Amino acid sequence: MIGDVVETEQCQVKDPVDLFHAGQVVKICAPMVRYSKLAFRTLVRKYNCDLCYTPMIVAADFVRSAKARDSEFTTNKGDHPLIVQFAAKEAQVLCDAARIVCPFADGIDLNCGCPQRWAMAEGYGASLINKPELVRDMVRHVRNQIDNPRFSVSIKIRIHEDLKRTVDLCQKAEASGVSWITVHGRNVEERHQPVHYDAIKIIKQSMSIPIVANGDIKTLKDAENVHHLTGADGIMVARGLLANPAMFAGYEETPLKCIQDWVDIALEHGTPFTCFHHHLMYMMERITSKQEKKVFNVLSSTSSVLDYLNDHYGRRRRLPLPAAPAGGTGSPAPKPVPLARTRPRSLPAPSRVARRHQAQPGAGTAEASAEMTFQWTAVAIFLYGEIAVILVLCLPFISPLRWQKIFMIPLWSKMAIFWNKAFLTIIVLLIVLFLDAIREVKKYSAAHVSEKAVNVNTNAFDHIQMKLFRSQRNLYLSGFSLFLWLVLRRTVTLLTQLAKGMATQAALELQVNNTTEAAKKYITENEMLQQALNEKGSGKKKESAEATDEKLKKEIVHLKAELQKTSDAHLKVTNELTAVKKQSEGLKREYDRLMKEHEQLQNSLGEAEDKKDL
Ligand SMILES: Cc1cc2nc3c(=O)[nH]c(=O)nc-3n(C[C@H](O)[C@H](O)[C@H](O)COP(=O)(O)O)c2cc1C
């Protein structure tokens with residue numbers, strides 16, 4: 001997109017600091033992400049707004065990305081005095097951003113008040129109130145590097161619980177040459193609590209530069225009260241102007257004329273529908289019933305919104321006259337003047353110094369966040385490379401054997417020495433990136449949920465969403481790269497093994513065929529020999545079998561006769577044995593009898609001798 005920027009003479013407009021010395025309280029339209037854009041600034045300027053801020057822009061993205069510059073910053077000739085608000089945490093980056101907008105704006109403001117979690121986590125916004133030295137350095141750096149002395153450098157802060165720290169911060173900023181300080185009278189934790197105007201008063205009393213009071217100013221009367229309470233030199237309004245862009249002109253509620261003006265301006269600037277519709281919802285908040293809101297808030301096209309407005313406030317029901325401006329300070333709405341058509345021109349390219357920051361990852365706009373860093377671009381290219389190689393390896397008409405031949409090229413064997421090391425290094429790198437992506441996804445998922453719950457700022461929500469998207473994309477990139485890397489290695493291994501297997505199979509098949517052939521040959525030969533043998537030996541065999549049979553028969557007869565003989569002999573021996581046995585028994589008996597006779601004879605012989613002796 002080309003910025004809606006017109007050629008302005010360099011920083012020619014009135015010095016915004018002069019506004020603070022004109023003896024009147026300066027009425028300022030606050031920086032509002034998504035809302036304080038050119039069309040809205042044009043509207044509030046029509047209703048007595050003295051000074052307008054752009055929405056907060058992340059300086060690093062602005063410097064780095066032409067897309068961010070085109071989408072985040074648009075201005076035109078009538079858009080003065082204009083302060084461009086940046087979120088920054090490095091002096092040089094802020095300086096580079098300031099240099100880019102210097103020809104088109106009247107000053108820059110450093111956001112030191114955004115309390116949103118993502119901003120604080122990235123070192124932007126309200127986290128800076130705890131780094132007074134850094135704030136001082138950033139202001140001093142811009143002061144020293146921007147030649148135009150009329151170009152203002154301001155800061156917008158929240159207060160500390162310990163007010164002394166806020167005073168210290170402001171004094172340091174003052175010493176470094178800050179043009180004025182806007183104080184939102186709440187601390188970082190506070191959202192809807194009452195604003196500490198007493199704190200703003202103390203700050204004002206401690207400083208010699210202009211102080212702007214901010215917080216809960218809804219009408220011009222409120223503005224006067226705050227001025228009296230704090231002594232502030234200016235008042236800054238955000239939500240009050242969203243609800244009633246004509247409030248600085250003294251209107252208590254949005255006049256229909258202002259709504260009409262918004263429609264004209266928004267259409268002329270080509271404002272996107274959501275922004276166009278949201279502003280109308282804010283403006284009509286107090287002047288429409290609940291029922292009307294239900295219908296109006298769900299309209300989804302410019303034509304339906306215009307039809308609604310025509311039906312409700314158009315020719316049939318004339319727009320009611322605006323309420324009389326409250327109090328004497330407000331002047332009536334100026335007559336609408338036709339808007340000068342603006343000539344589109346793109347913003348200048350960042351300076352060489354600015355380009356140094358291009359590679360820095362950081363918070364940014366949706367567009368900028370979607371851009372890939374070098375490291376992730378490399379991972380994406382690597383992933384596509386892997387896919388291409390795997391596709392080629394899987395081509396059906398290239399056989400594994402051919403791959404084997406390709407793998408056998410000497411070049412690969414030389415590379416194979418490094419292959420394992422390279423493989424492991426890439427695995428480790430991808431795992432580290434994968435874990436980092438998981439950490440980011442966790443971080444931004446949590447932030448996404450909490451921002452959604454807080455629902456303060458749609459742009460911040462988009463920002464977180466974009467970060468979440470980016471971290472998820474990185475997770476997929478690293479995860480798939482890791483997975484395909486393993487698949488690739490396995491595919492190469494399998495192809496090699498398959499090729500080896502195929503070669504072995506072919507060799508075995510050949511061997512089996514040869515063996516089968518040989519076996520067939522042997523079997524045939526064997527059969528032939530057998531046959532020949534059978535033919536020769538069949539007559540003789542019969543004869544010899546008969547002879548053997550006869551011989552055997554004879555042998556049986558012979559054996560039978562032998563057996564008979566043996567059994568006869570055995571019987572004879574048995575009989576003889578019995579006779580001998582009987583004879584021996586008779587002899588034994590005879591012997592016993594003789595023994596007895598002998599004994600008797602001896603006894604009788606002994607007795608005869610005894611008698612003789614006597
Ligand atoms: C929709 C919206 C967007 C805002 N965006 C920014 C911003 O970009 N930068 C900033 O410093 N403050 C921003 N603020 C805070 C306001 O500038 C202001 O400090 C705060 O709303 C208190 O003022 P108020 O009571 O007048 O609304 C934003 C506030 C709202 C409601």
# chains A, B, ... in the order shown; residues from 1 in each chain; ligands from 1
call {"tool": "closest_atom_pairs", "arguments": {"of": "chain A", "to": "ligand 1", "cutoff": "6 Å", "atoms": "only C-alpha atoms and all ligand atoms", "output": "tab-separated table"}}
result
residue	atom	partner	partner_atom_place_in_ligand_line	distance
A:Ala30	CA	ligand 1	17 (O)	4.6
A:Pro31	CA	ligand 1	7 (C)	4.5
A:Met32	CA	ligand 1	5 (N)	3.2
A:Val33	CA	ligand 1	5 (N)	4.1
A:Pro55	CA	ligand 1	8 (O)	4.3
A:Met56	CA	ligand 1	8 (O)	3.8
A:Asn111	CA	ligand 1	11 (O)	5.2
A:Gly113	CA	ligand 1	11 (O)	5.6
A:Cys114	CA	ligand 1	11 (O)	5.7
A:His184	CA	ligand 1	19 (O)	5.5
A:Asn214	CA	ligand 1	23 (O)	5.4
A:Gly215	CA	ligand 1	25 (O)	3.6
A:Asp216	CA	ligand 1	25 (O)	3.5
A:Ile217	CA	ligand 1	26 (O)	5.3
A:Val237	CA	ligand 1	26 (O)	3.8
A:Ala238	CA	ligand 1	26 (O)	3.7
A:Arg239	CA	ligand 1	27 (O)	3.9
A:Gly240	CA	ligand 1	26 (O)	5.6
A:Asn457	CA	ligand 1	1 (C)	5.5
call {"tool": "write_last_selection", "arguments": {"atoms": "N, CA, C and O atoms", "output": "CSV table (one decimal), in the first residue's frame"}}
result
chain,number,residue,atom,x,y,z
A,30,ALA,N,-5.4,11.6,22.0
A,30,ALA,CA,-4.4,10.6,22.4
A,30,ALA,C,-4.0,9.6,21.3
A,30,ALA,O,-4.8,9.4,20.4
A,31,PRO,N,-2.8,9.0,21.5
A,31,PRO,CA,-2.5,7.9,20.6
A,31,PRO,C,-3.5,6.8,20.9
A,31,PRO,O,-3.6,6.4,22.0
A,32,MET,N,-4.1,6.2,19.8
A,32,MET,CA,-5.0,5.1,20.0
A,32,MET,C,-4.8,4.1,18.9
A,32,MET,O,-5.1,4.4,17.7
A,33,VAL,N,-4.2,3.0,19.2
A,33,VAL,CA,-4.0,1.9,18.2
A,33,VAL,C,-5.3,1.7,17.5
A,33,VAL,O,-6.3,1.5,18.1
A,55,PRO,N,-1.5,6.4,16.2
A,55,PRO,CA,-1.4,5.2,17.0
A,55,PRO,C,0.0,4.8,17.3
A,55,PRO,O,0.9,5.2,16.5
A,56,MET,N,0.3,4.1,18.3
A,56,MET,CA,1.6,3.6,18.6
A,56,MET,C,2.1,2.7,17.4
A,56,MET,O,1.4,1.8,17.0
A,111,ASN,N,6.5,5.8,23.7
A,111,ASN,CA,5.5,5.2,24.5
A,111,ASN,C,6.1,4.5,25.7
A,111,ASN,O,6.8,3.6,25.6
A,113,GLY,N,4.0,4.0,28.4
A,113,GLY,CA,2.8,3.8,29.3
A,113,GLY,C,2.0,2.6,28.9
A,113,GLY,O,1.1,2.3,29.7
A,114,CYS,N,2.3,1.9,27.8
A,114,CYS,CA,1.5,0.8,27.4
A,114,CYS,C,1.6,-0.4,28.4
A,114,CYS,O,2.8,-0.9,28.6
A,184,HIS,N,-0.3,9.7,32.2
A,184,HIS,CA,-1.6,9.0,32.4
A,184,HIS,C,-1.5,8.7,33.9
A,184,HIS,O,-0.7,7.9,34.3
A,214,ASN,N,-3.6,13.1,31.6
A,214,ASN,CA,-4.4,12.2,30.8
A,214,ASN,C,-5.1,11.2,31.8
A,214,ASN,O,-4.5,10.8,32.8
A,215,GLY,N,-6.3,10.9,31.4
A,215,GLY,CA,-7.1,9.9,32.1
A,215,GLY,C,-8.5,10.4,32.5
A,215,GLY,O,-8.6,11.4,33.2
A,216,ASP,N,-9.5,9.7,32.0
A,216,ASP,CA,-10.9,9.9,32.4
A,216,ASP,C,-11.4,11.3,32.1
A,216,ASP,O,-12.2,11.8,32.9
A,217,ILE,N,-10.9,11.9,31.1
A,217,ILE,CA,-11.5,13.2,30.7
A,217,ILE,C,-12.5,13.0,29.6
A,217,ILE,O,-12.2,12.5,28.5
A,237,VAL,N,-7.0,13.3,25.6
A,237,VAL,CA,-8.2,12.5,25.7
A,237,VAL,C,-8.2,11.3,24.7
A,237,VAL,O,-7.8,11.6,23.5
A,238,ALA,N,-8.6,10.2,25.2
A,238,ALA,CA,-8.6,9.0,24.3
A,238,ALA,C,-10.1,8.6,24.1
A,238,ALA,O,-10.8,9.0,23.1
A,239,ARG,N,-10.6,7.9,25.1
A,239,ARG,CA,-12.0,7.3,25.0
A,239,ARG,C,-13.1,8.4,24.9
A,239,ARG,O,-14.1,8.2,24.2
A,240,GLY,N,-12.8,9.5,25.5
A,240,GLY,CA,-13.8,10.6,25.5
A,240,GLY,C,-14.0,11.1,24.0
A,240,GLY,O,-15.1,11.4,23.6
A,457,ASN,N,-7.3,-3.9,23.4
A,457,ASN,CA,-6.8,-3.2,22.2
A,457,ASN,C,-6.7,-4.2,21.1
A,457,ASN,O,-5.9,-5.2,21.1
call {"tool": "residues_around", "arguments": {"residues": "Ala88 (chain A)", "least_positions_apart": "3", "cutoff": "12 Å", "atoms": "only C-alpha atoms", "output": "ChimeraX atom specification"}}
result
/A:56-63,85,91-98,108-114,119-120,122-128,134-135,137-139,142,155,362-364
call {"tool": "residues_around", "arguments": {"residues": "Ser478 (chain A)", "least_positions_apart": "4", "cutoff": "8 Å", "atoms": "only C-alpha atoms", "output": "list in words"}}
result
Val379, Leu430, Ile431, Leu433, Phe434, Ala437, Asn474 and Leu482 of chain A
call {"tool": "residues_around", "arguments": {"residues": "region 169-183 of chain A", "least_positions_apart": "5", "cutoff": "6 Å", "atoms": "only C-alpha atoms", "output": "MDAnalysis selection string"}}
result
chainID A and resid 132 136 140 152:158 209:214
call {"tool": "write_last_selection", "arguments": {"atoms": "all heavy atoms", "output": "short mmCIF file (atom, residue, chain, number, x, y, z; two decimals), in the first residue's frame"}}
result
data_model
loop_
_atom_site.label_atom_id
_atom_site.label_comp_id
_atom_site.auth_asym_id
_atom_site.auth_seq_id
_atom_site.Cartn_x
_atom_site.Cartn_y
_atom_site.Cartn_z
N PRO A 132 14.86 4.53 33.71
CA PRO A 132 14.98 5.97 33.41
C PRO A 132 16.21 6.31 32.57
O PRO A 132 16.16 7.21 31.73
CB PRO A 132 15.02 6.63 34.78
CG PRO A 132 15.14 5.55 35.79
CD PRO A 132 14.81 4.25 35.15
N ARG A 136 16.24 8.28 29.08
CA ARG A 136 17.07 9.49 28.91
C ARG A 136 17.96 9.35 27.67
O ARG A 136 18.03 10.25 26.84
CB ARG A 136 17.94 9.65 30.16
CG ARG A 136 18.79 10.90 30.16
CD ARG A 136 19.78 10.90 31.29
NE ARG A 136 20.62 9.70 31.24
CZ ARG A 136 21.33 9.24 32.27
NH1 ARG A 136 21.28 9.85 33.43
NH2 ARG A 136 22.09 8.17 32.14
N ARG A 140 17.81 11.69 24.38
CA ARG A 140 19.02 12.46 24.04
C ARG A 140 19.50 12.13 22.63
O ARG A 140 19.85 13.02 21.86
CB ARG A 140 20.11 12.12 25.06
CG ARG A 140 21.33 12.99 24.95
CD ARG A 140 22.31 12.70 26.06
NE ARG A 140 21.87 13.20 27.35
CZ ARG A 140 22.37 12.78 28.52
NH1 ARG A 140 23.28 11.84 28.55
NH2 ARG A 140 21.96 13.30 29.65
N SER A 152 9.70 18.07 17.93
CA SER A 152 9.58 17.76 19.37
C SER A 152 9.87 16.29 19.66
O SER A 152 9.65 15.41 18.82
CB SER A 152 8.18 18.11 19.87
OG SER A 152 7.24 17.22 19.31
N VAL A 153 10.36 16.05 20.87
CA VAL A 153 10.56 14.68 21.36
C VAL A 153 9.89 14.61 22.73
O VAL A 153 10.32 15.27 23.67
CB VAL A 153 12.06 14.34 21.51
CG1 VAL A 153 12.23 12.89 21.93
CG2 VAL A 153 12.81 14.61 20.21
N SER A 154 8.81 13.85 22.79
CA SER A 154 8.07 13.79 24.06
C SER A 154 7.98 12.35 24.53
O SER A 154 8.32 11.42 23.79
CB SER A 154 6.66 14.36 23.86
OG SER A 154 6.01 13.66 22.81
N ILE A 155 7.53 12.17 25.78
CA ILE A 155 7.28 10.81 26.27
C ILE A 155 5.90 10.76 26.92
O ILE A 155 5.39 11.79 27.39
CB ILE A 155 8.36 10.33 27.28
CG1 ILE A 155 8.44 11.23 28.50
CG2 ILE A 155 9.71 10.22 26.61
CD1 ILE A 155 9.36 10.70 29.60
N LYS A 156 5.31 9.58 26.88
CA LYS A 156 4.01 9.39 27.55
C LYS A 156 4.20 8.27 28.56
O LYS A 156 4.63 7.18 28.20
CB LYS A 156 2.94 9.02 26.51
CG LYS A 156 1.57 8.77 27.10
CD LYS A 156 0.51 8.69 26.00
CE LYS A 156 -0.87 8.42 26.56
NZ LYS A 156 -1.16 7.00 26.73
N ILE A 157 3.91 8.60 29.83
CA ILE A 157 4.22 7.63 30.90
C ILE A 157 2.99 7.29 31.74
O ILE A 157 1.98 7.99 31.68
CB ILE A 157 5.31 8.19 31.85
CG1 ILE A 157 4.80 9.47 32.55
CG2 ILE A 157 6.60 8.46 31.13
CD1 ILE A 157 5.66 9.90 33.73
N ARG A 158 3.12 6.21 32.47
CA ARG A 158 2.23 5.92 33.60
C ARG A 158 3.01 6.22 34.86
O ARG A 158 4.25 6.34 34.81
CB ARG A 158 1.79 4.47 33.58
CG ARG A 158 0.67 4.20 32.61
CD ARG A 158 0.11 2.83 32.77
NE ARG A 158 -1.07 2.67 31.92
CZ ARG A 158 -2.25 2.24 32.36
NH1 ARG A 158 -2.42 1.91 33.62
NH2 ARG A 158 -3.27 2.12 31.53
N ILE A 209 9.29 21.81 32.28
CA ILE A 209 8.75 21.61 30.93
C ILE A 209 7.23 21.39 31.02
O ILE A 209 6.72 21.07 32.09
CB ILE A 209 9.41 20.39 30.24
CG1 ILE A 209 9.35 19.18 31.17
CG2 ILE A 209 10.82 20.68 29.78
CD1 ILE A 209 9.65 17.88 30.50
N PRO A 210 6.52 21.54 29.88
CA PRO A 210 5.06 21.33 29.92
C PRO A 210 4.69 19.90 30.32
O PRO A 210 5.39 18.95 29.96
CB PRO A 210 4.63 21.62 28.48
CG PRO A 210 5.71 22.43 27.89
CD PRO A 210 6.97 22.00 28.55
N ILE A 211 3.61 19.78 31.07
CA ILE A 211 3.09 18.47 31.48
C ILE A 211 1.65 18.37 30.95
O ILE A 211 0.86 19.31 31.07
CB ILE A 211 3.09 18.33 33.02
CG1 ILE A 211 4.51 18.37 33.57
CG2 ILE A 211 2.36 17.05 33.45
CD1 ILE A 211 5.40 17.19 33.17
N VAL A 212 1.36 17.23 30.36
CA VAL A 212 0.01 16.97 29.84
C VAL A 212 -0.65 15.93 30.74
O VAL A 212 -0.05 14.90 31.04
CB VAL A 212 0.08 16.45 28.38
CG1 VAL A 212 -1.31 16.07 27.87
CG2 VAL A 212 0.72 17.49 27.47
N ALA A 213 -1.88 16.23 31.17
CA ALA A 213 -2.60 15.28 32.04
C ALA A 213 -3.50 14.39 31.19
O ALA A 213 -4.13 14.86 30.23
CB ALA A 213 -3.44 16.05 33.05
N ASN A 214 -3.55 13.13 31.57
CA ASN A 214 -4.37 12.19 30.80
C ASN A 214 -5.08 11.22 31.76
O ASN A 214 -4.52 10.82 32.77
CB ASN A 214 -3.48 11.42 29.82
CG ASN A 214 -4.17 10.24 29.15
OD1 ASN A 214 -3.71 9.12 29.24
ND2 ASN A 214 -5.29 10.48 28.51
#
